[in-house]
Every structure is written in structure tokens, then in C-alpha cells.
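**Q** Below you will find the structure I want to go over with you.
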Amino acid sequence: MRRADFIPDVIWVRDGESWMRPLDRRDDPDRWQTLVDGDDSVVTQADDGTGRFGVDKGVFPTSSSSAPRVTERMLGLLDVGAGMDVLEIGAGTGYNAALLDDRVAPGRVTTIEVDPAIAEHGRRALARAGRAVTVVTGDGALGHPGNAPYDRVIATVSAVTVPYAWVAQSRPGGVIVLPVAGSFDRQAFARLVVGSDGTAHGRFHGAASFMRLREQRDDPAIWWKDTSGLQVGSTTIFPREPFEQYEAGFVLGLLCPRWVHCRRVQNDGVETFRLSHAPSGSWASIALDCGGFDHEVIQHGPRRLWDELETAYRWWLDAGQPGHTRIGISVTPNGQSFWLDTPNQPAPNTRE
């Protein structure tokens, strides 16, 4: 199967500045073909197809065809075989569903896509390829109980919280593969195995970078929008690692879910790092004192985000600065939790 047979005529490419620009196959067939046949991902939609910045430019990629090496990586983790029933979250172009269909049997793959236009494109591409895949337009977080139970579930979108519906719709022994996203813009592939008790447990296997489930996208930052009741203090601890390193950022990001962050350099050269948790109305800001060790911390809201980050950071240091492969995840009807090396060593409680 050729990926090119599933890619729409219009794709989106960076213009070297801050914009994405549409590239129409009819206008530049050679460039279109080179990109589609290449080793990188291909962006097929920007800004949810709204055209909010005009018909000729976009900002945020919102649908794509994954790089071939990433597709193979996920299929390897999924370990799908003939005769299995498979649910895919995120139909996209339909190419990944076609690869799944090729590995199982006609009629055993269900793929779900939230965007009606994308779902219709995938449906038509799969039909042209002669693939008997069920394409559903709907919310992937809900799964598709109509064709359950499934032996394998694969998500081509990342999640902060693994929807329990995917576990509930899986057979005992079933495998779920998805990219899990923490704060600090880090992701990793999770491979979970479903138990007979309706829970799923697994480990992380390599860095990932995927678009988010639409209902789990980052909230808008709220720092400095409300300055009443500020708590001003200081700290001698600055955990720079989660802001700058993958392993620390991913592990601590799991423990601080649904936070957004940014780094600013003020005119006087002082670095400021900010944290925001919109659901609780909390934010924090720390200004680094380059000449000393006493950094100013400003916090607002019912949660003290900087204090929580310091607590998680100390746990990470005391645990030997573990990387993502030492972290496990469990998903139950009551939510998800993380652990170090074995489920008997739970990580600090997380709260969204």
C-alpha cells in the first residue's frame, strides 16, 4: 500500500516563518509527491479546518499522516495478528486503518474520527483501496461499543487521561497502544494489557509527539489574569530539568497533569518561568535571581503549583531521576495512576 493513495490533494507545509501554507497537488505535483513519499509526517489539516487565519495560511496542525517509522513503531507495540478485532482512535487519512486491515481480516477493523470532513475523506480512501473498514464519525474517547469487544485498541492521537471506555471495550488480554501526554510538552508511547478484572496496566516505550484528543487539549493560560490574593515568597530550589530535559519533563509532567507553562526573558535578562492550571484557577511564576540563590515565587489560586512541582521534583530526585521506561501506568474505572518499576511503588498522587 502506498501512503500517497490516502493523502488529500491539499497538504500543509511550513513557510520558514510562523505560518503553515497549503500546498495543492495540482499546483506543484513534484513537491507534493516528494513530501508524501518522504520519511516525515504530512500535515493534512490546520486549525481544525476553520480557516480562522485565512484560506492561505494556518498556525496549528490538527490532523496529519504519521511518519512511516512512527507508524511501524506503533504497529510493533500493538502486535496485531490475523483474526483480531481492532479499534483505531483517529482515522485521519485512513492509511493506518488500511495497514491494520491488511494484518487482520476484512471487516475486523473499526476506526473512529471526530472531524466529519476527515472521516469522510478516510472512508472514501479506504473504499478506493478495497478495504472493508468500518469508519465511524464520532468522539473517539467514547470508543465504539457497537463492534466491541476488541483484541487491540490503537490511538493515533495523544491523551492526558486514558479513556476508560477503551479498557471496558477490550477483551481480557487485549492490548491498548497510545501516546500519553504530560505537561511540559512531553509524550511517550504506552502499551497497556487489559486484565480480566476490567483494569489495564502497562509501561512506556519511547518518546512520541502526537496531536491531542480534542477534548483533552491544553487549557488557555491564566497567569496574571487575576492578581487578588497573591502569595509572594521565595525558594532556593529551581527544578530546571522538567522545563529543559525530556525524561524529567515527561515524568514530572505525568504528576502535574493539565498544567501549561512558558519561559520568558525580561528586558533586564531575568528568566521567568510560569505555570498555569486553569481548572482550579491557579497559577505560579518564578523569577530566577541570576546573582544569588533566592528566587522570587508568586502563586495564586487554591493550589500552590510551585510547591506541588517542588514536591514532585524531590520525589524524582530521591527515586534516582528515573526515565520514562521505569514508569508504569494503571487505568481503572476510578481513573489512572502511575508507578515506579512496579505497581507496588506508586508515584505521588496526581490530580487534574
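Here's how to read the names in the C-alpha cells: chain A, B, ... by the order shown, residue numbers from 1 in each chain, ligand numbers from 1 in the order shown.
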If you take only C-alpha atoms and a cut-off of 10 Å, which residues of segment 119-192 of chain A touch segment 215-220 of chain A, and what are their nearest atom pairs and distances in Å to one decimal, in chain and number order, as CSV?

**A**
residue,atom,partner,partner_atom,distance
A:Asp139,CA,A:Glu215,CA,9.0
A:Gly140,CA,A:Glu215,CA,9.9
A:Ala141,CA,A:Glu215,CA,8.5
A:Ser158,CA,A:Gln216,CA,8.7
A:Ala159,CA,A:Gln216,CA,6.6
A:Val160,CA,A:Gln216,CA,6.6
A:Thr161,CA,A:Gln216,CA,7.9
A:Ala181,CA,A:Gln216,CA,9.7
A:Ser183,CA,A:Asp218,CA,9.0
A:Asp185,CA,A:Asp218,CA,10.0

**Q** For a quick check of understanding, using only C-alpha atoms, which of A:Ala119, A:Val331, A:Leu78, A:Leu252 has the smallest distance to Gly195 of chain A?

**A** A:Val331

**Q** Among segment 195-264 of chain A, which residues carry a DSSP assignment of helix (DSSP H, G or I), reported as a list of chain:residue names?

**A** A:Arg214, A:Glu215, A:Gln216, A:Glu241, A:Pro242, A:Phe243, A:Glu244, A:Tyr246, A:Glu247, A:Ala248, A:Gly249, A:Phe250, A:Val251, A:Leu252, A:Gly253, A:Leu254, A:Leu255

**Q** Could those residues be written to a file, using N, CA, C and O atoms, as a PDB file, in the first residue's frame?

**A**
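And here is the file that came out, selection-v4.pdb:
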ATOM      1  N   ARG A 214      -9.241  16.008  21.053  1.00  0.00           N
ATOM      2  CA  ARG A 214      -9.705  17.388  21.049  1.00  0.00           C
ATOM      3  C   ARG A 214     -10.248  17.842  22.393  1.00  0.00           C
ATOM      4  O   ARG A 214     -10.054  18.996  22.788  1.00  0.00           O
ATOM      5  N   GLU A 215     -10.930  16.942  23.111  1.00  0.00           N
ATOM      6  CA  GLU A 215     -11.471  17.344  24.406  1.00  0.00           C
ATOM      7  C   GLU A 215     -10.408  17.347  25.500  1.00  0.00           C
ATOM      8  O   GLU A 215     -10.688  17.724  26.646  1.00  0.00           O
ATOM      9  N   GLN A 216      -9.174  16.969  25.169  1.00  0.00           N
ATOM     10  CA  GLN A 216      -8.100  16.970  26.160  1.00  0.00           C
ATOM     11  C   GLN A 216      -6.955  17.908  25.771  1.00  0.00           C
ATOM     12  O   GLN A 216      -5.834  17.773  26.255  1.00  0.00           O
ATOM     13  N   GLU A 241      15.232  21.052  35.216  1.00  0.00           N
ATOM     14  CA  GLU A 241      15.199  19.872  34.348  1.00  0.00           C
ATOM     15  C   GLU A 241      13.863  19.646  33.641  1.00  0.00           C
ATOM     16  O   GLU A 241      13.843  19.368  32.436  1.00  0.00           O
ATOM     17  N   PRO A 242      12.705  19.732  34.331  1.00  0.00           N
ATOM     18  CA  PRO A 242      11.464  19.451  33.596  1.00  0.00           C
ATOM     19  C   PRO A 242      11.172  20.432  32.477  1.00  0.00           C
ATOM     20  O   PRO A 242      10.478  20.098  31.509  1.00  0.00           O
ATOM     21  N   PHE A 243      11.694  21.625  32.580  1.00  0.00           N
ATOM     22  CA  PHE A 243      11.485  22.615  31.533  1.00  0.00           C
ATOM     23  C   PHE A 243      12.398  22.386  30.333  1.00  0.00           C
ATOM     24  O   PHE A 243      12.112  22.861  29.235  1.00  0.00           O
ATOM     25  N   GLU A 244      13.523  21.667  30.541  1.00  0.00           N
ATOM     26  CA  GLU A 244      14.535  21.593  29.501  1.00  0.00           C
ATOM     27  C   GLU A 244      14.890  20.178  29.052  1.00  0.00           C
ATOM     28  O   GLU A 244      15.469  20.012  27.983  1.00  0.00           O
ATOM     29  N   TYR A 246      13.922  15.976  28.383  1.00  0.00           N
ATOM     30  CA  TYR A 246      12.783  15.109  28.062  1.00  0.00           C
ATOM     31  C   TYR A 246      12.389  14.224  29.231  1.00  0.00           C
ATOM     32  O   TYR A 246      11.207  14.180  29.622  1.00  0.00           O
ATOM     33  N   GLU A 247      13.326  13.475  29.801  1.00  0.00           N
ATOM     34  CA  GLU A 247      12.971  12.484  30.815  1.00  0.00           C
ATOM     35  C   GLU A 247      12.320  13.141  32.032  1.00  0.00           C
ATOM     36  O   GLU A 247      11.259  12.706  32.494  1.00  0.00           O
ATOM     37  N   ALA A 248      12.944  14.177  32.562  1.00  0.00           N
ATOM     38  CA  ALA A 248      12.362  14.870  33.710  1.00  0.00           C
ATOM     39  C   ALA A 248      11.037  15.515  33.334  1.00  0.00           C
ATOM     40  O   ALA A 248      10.064  15.468  34.105  1.00  0.00           O
ATOM     41  N   GLY A 249      10.970  16.108  32.152  1.00  0.00           N
ATOM     42  CA  GLY A 249       9.737  16.761  31.735  1.00  0.00           C
ATOM     43  C   GLY A 249       8.585  15.791  31.596  1.00  0.00           C
ATOM     44  O   GLY A 249       7.451  16.082  31.994  1.00  0.00           O
ATOM     45  N   PHE A 250       8.857  14.592  31.044  1.00  0.00           N
ATOM     46  CA  PHE A 250       7.774  13.626  30.877  1.00  0.00           C
ATOM     47  C   PHE A 250       7.308  13.084  32.219  1.00  0.00           C
ATOM     48  O   PHE A 250       6.113  13.074  32.521  1.00  0.00           O
ATOM     49  N   VAL A 251       8.260  12.628  33.049  1.00  0.00           N
ATOM     50  CA  VAL A 251       7.873  12.007  34.324  1.00  0.00           C
ATOM     51  C   VAL A 251       7.161  13.011  35.228  1.00  0.00           C
ATOM     52  O   VAL A 251       6.079  12.739  35.761  1.00  0.00           O
ATOM     53  N   LEU A 252       7.732  14.196  35.397  1.00  0.00           N
ATOM     54  CA  LEU A 252       7.090  15.189  36.249  1.00  0.00           C
ATOM     55  C   LEU A 252       5.817  15.729  35.614  1.00  0.00           C
ATOM     56  O   LEU A 252       4.880  16.102  36.316  1.00  0.00           O
ATOM     57  N   GLY A 253       5.760  15.736  34.289  1.00  0.00           N
ATOM     58  CA  GLY A 253       4.537  16.161  33.615  1.00  0.00           C
ATOM     59  C   GLY A 253       3.369  15.228  33.874  1.00  0.00           C
ATOM     60  O   GLY A 253       2.211  15.652  33.907  1.00  0.00           O
ATOM     61  N   LEU A 254       3.650  13.928  34.059  1.00  0.00           N
ATOM     62  CA  LEU A 254       2.589  12.986  34.416  1.00  0.00           C
ATOM     63  C   LEU A 254       2.029  13.293  35.801  1.00  0.00           C
ATOM     64  O   LEU A 254       0.830  13.111  36.050  1.00  0.00           O
ATOM     65  N   LEU A 255       2.901  13.765  36.689  1.00  0.00           N
ATOM     66  CA  LEU A 255       2.496  14.034  38.062  1.00  0.00           C
ATOM     67  C   LEU A 255       1.838  15.403  38.216  1.00  0.00           C
ATOM     68  O   LEU A 255       1.281  15.696  39.272  1.00  0.00           O
TER      69      LEU A 255
END

**Q** List as a VMD selection string the protein and nucleic acid residues near Arg124 of chain A, meaning an atom at most 12 Å away when only C-alpha atoms are counted, but skip any in the same chain fewer than 6 places from it.

**A** chain A and resid 5 to 8 91 to 95 98 117 to 118 130 to 135

**Q** I'd like a table as JSON lines: residues in segment 183-270 of chain A with an atom no more than 10 Å from segment 332-351 of chain A, each row giving the shortest atom pair and its distance in Å to one decimal, only C-alpha atoms counted, sorted by chain and rising residue number.

**A**
{"residue": "A:Val194", "atom": "CA", "partner": "A:Thr332", "partner_atom": "CA", "distance": 10.0}
{"residue": "A:Asp197", "atom": "CA", "partner": "A:Thr332", "partner_atom": "CA", "distance": 9.2}
{"residue": "A:Gly198", "atom": "CA", "partner": "A:Thr332", "partner_atom": "CA", "distance": 7.0}
{"residue": "A:Thr199", "atom": "CA", "partner": "A:Thr332", "partner_atom": "CA", "distance": 4.8}
{"residue": "A:Ala200", "atom": "CA", "partner": "A:Thr332", "partner_atom": "CA", "distance": 6.7}
{"residue": "A:His201", "atom": "CA", "partner": "A:Pro343", "partner_atom": "CA", "distance": 8.7}
{"residue": "A:Gly202", "atom": "CA", "partner": "A:Phe338", "partner_atom": "CA", "distance": 9.7}
{"residue": "A:Arg203", "atom": "CA", "partner": "A:Asp341", "partner_atom": "CA", "distance": 8.9}
{"residue": "A:Val251", "atom": "CA", "partner": "A:Phe338", "partner_atom": "CA", "distance": 9.5}
{"residue": "A:Gly253", "atom": "CA", "partner": "A:Thr350", "partner_atom": "CA", "distance": 9.9}
{"residue": "A:Leu254", "atom": "CA", "partner": "A:Thr350", "partner_atom": "CA", "distance": 7.7}
{"residue": "A:Leu255", "atom": "CA", "partner": "A:Thr350", "partner_atom": "CA", "distance": 5.1}
{"residue": "A:Cys256", "atom": "CA", "partner": "A:Thr350", "partner_atom": "CA", "distance": 6.3}
{"residue": "A:Pro257", "atom": "CA", "partner": "A:Arg351", "partner_atom": "CA", "distance": 6.9}
{"residue": "A:Arg258", "atom": "CA", "partner": "A:Arg351", "partner_atom": "CA", "distance": 9.0}

**Q** With distances taken over only C-alpha atoms, which residue among A:Val55, A:Ile237, A:Ala188, A:Ala155 lies nearest Tyr313 of chain A?

**A**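 Between A:Val55, A:Ile237, A:Ala188, A:Ala155, the residue approaching Tyr313 of chain A most closely is A:Ile237.
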
**Q** Which value, in Å to one decimal, gives the distance between atom CA of Ser63 of chain A and atom CA of Ala208 of chain A?

**A**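 Computing the Euclidean distance for atom CA of Ser63 of chain A and atom CA of Ala208 of chain A yields 15.5 Å.
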
**Q** Please provide as JSON, numbers by chain all residues within 9 Å of Glu271 of chain A, with the sequence filter that same-chain residues fewer than 4 positions apart are discarded (counting only C-alpha atoms).

**A** {"A": [263, 264, 265, 266, 286, 287, 288, 289, 290]}

**Q** Next, write the just-selected residues to a file, as a PDB file, in the first residue's frame, keeping C-alpha atoms as the atom set.

**A**
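Contents of the output file out-v3.pdb:
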ATOM      1  CA  ARG A 263       9.529  30.736  29.798  1.00  0.00           C
ATOM      2  CA  ARG A 264      10.078  34.465  29.427  1.00  0.00           C
ATOM      3  CA  VAL A 265      13.291  36.509  29.333  1.00  0.00           C
ATOM      4  CA  GLN A 266      12.650  40.021  30.578  1.00  0.00           C
ATOM      5  CA  ILE A 286       9.165  32.284  39.476  1.00  0.00           C
ATOM      6  CA  ALA A 287      11.843  34.829  38.603  1.00  0.00           C
ATOM      7  CA  LEU A 288      15.398  33.487  38.714  1.00  0.00           C
ATOM      8  CA  ASP A 289      17.882  35.531  40.667  1.00  0.00           C
ATOM      9  CA  CYS A 290      20.956  35.178  38.496  1.00  0.00           C
TER      10      CYS A 290
END

**Q** Compile the contact shell of Val153 of chain A as a list of chain:residue names: residues with an atom at most 6 Å away, counting only C-alpha atoms, same-chain residues fewer than 2 positions apart removed.

**A**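 Here the answer would be A:Val86, A:Leu87, A:Glu88, A:Ile176.
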
**Q** Just N, CA, C and O atoms for this one: save the residues we selected as an mmCIF file, in the first residue's frame.

**A**
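Done, and the output landed in part23.cif:
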data_model
loop_
_atom_site.group_PDB
_atom_site.id
_atom_site.type_symbol
_atom_site.label_atom_id
_atom_site.label_comp_id
_atom_site.auth_asym_id
_atom_site.auth_seq_id
_atom_site.Cartn_x
_atom_site.Cartn_y
_atom_site.Cartn_z
ATOM 1 N N VAL A 86 -10.044 -4.956 15.926
ATOM 2 C CA VAL A 86 -9.211 -3.796 16.236
ATOM 3 C C VAL A 86 -10.051 -2.529 16.205
ATOM 4 O O VAL A 86 -10.873 -2.324 15.297
ATOM 5 N N LEU A 87 -9.819 -1.658 17.196
ATOM 6 C CA LEU A 87 -10.405 -0.320 17.227
ATOM 7 C C LEU A 87 -9.277 0.693 17.108
ATOM 8 O O LEU A 87 -8.308 0.650 17.877
ATOM 9 N N GLU A 88 -9.423 1.595 16.139
ATOM 10 C CA GLU A 88 -8.459 2.676 15.976
ATOM 11 C C GLU A 88 -9.137 4.001 16.321
ATOM 12 O O GLU A 88 -10.231 4.279 15.852
ATOM 13 N N ILE A 176 -3.714 -2.171 24.439
ATOM 14 C CA ILE A 176 -4.025 -0.793 24.068
ATOM 15 C C ILE A 176 -2.707 -0.044 23.890
ATOM 16 O O ILE A 176 -1.851 -0.067 24.787
#

**Q** Segment 116-183 of chain A: which residues are strand (DSSP E or B) by DSSP, as a ChimeraX atom specification?

**A** /A:134-137,150-155,158-159,170-181
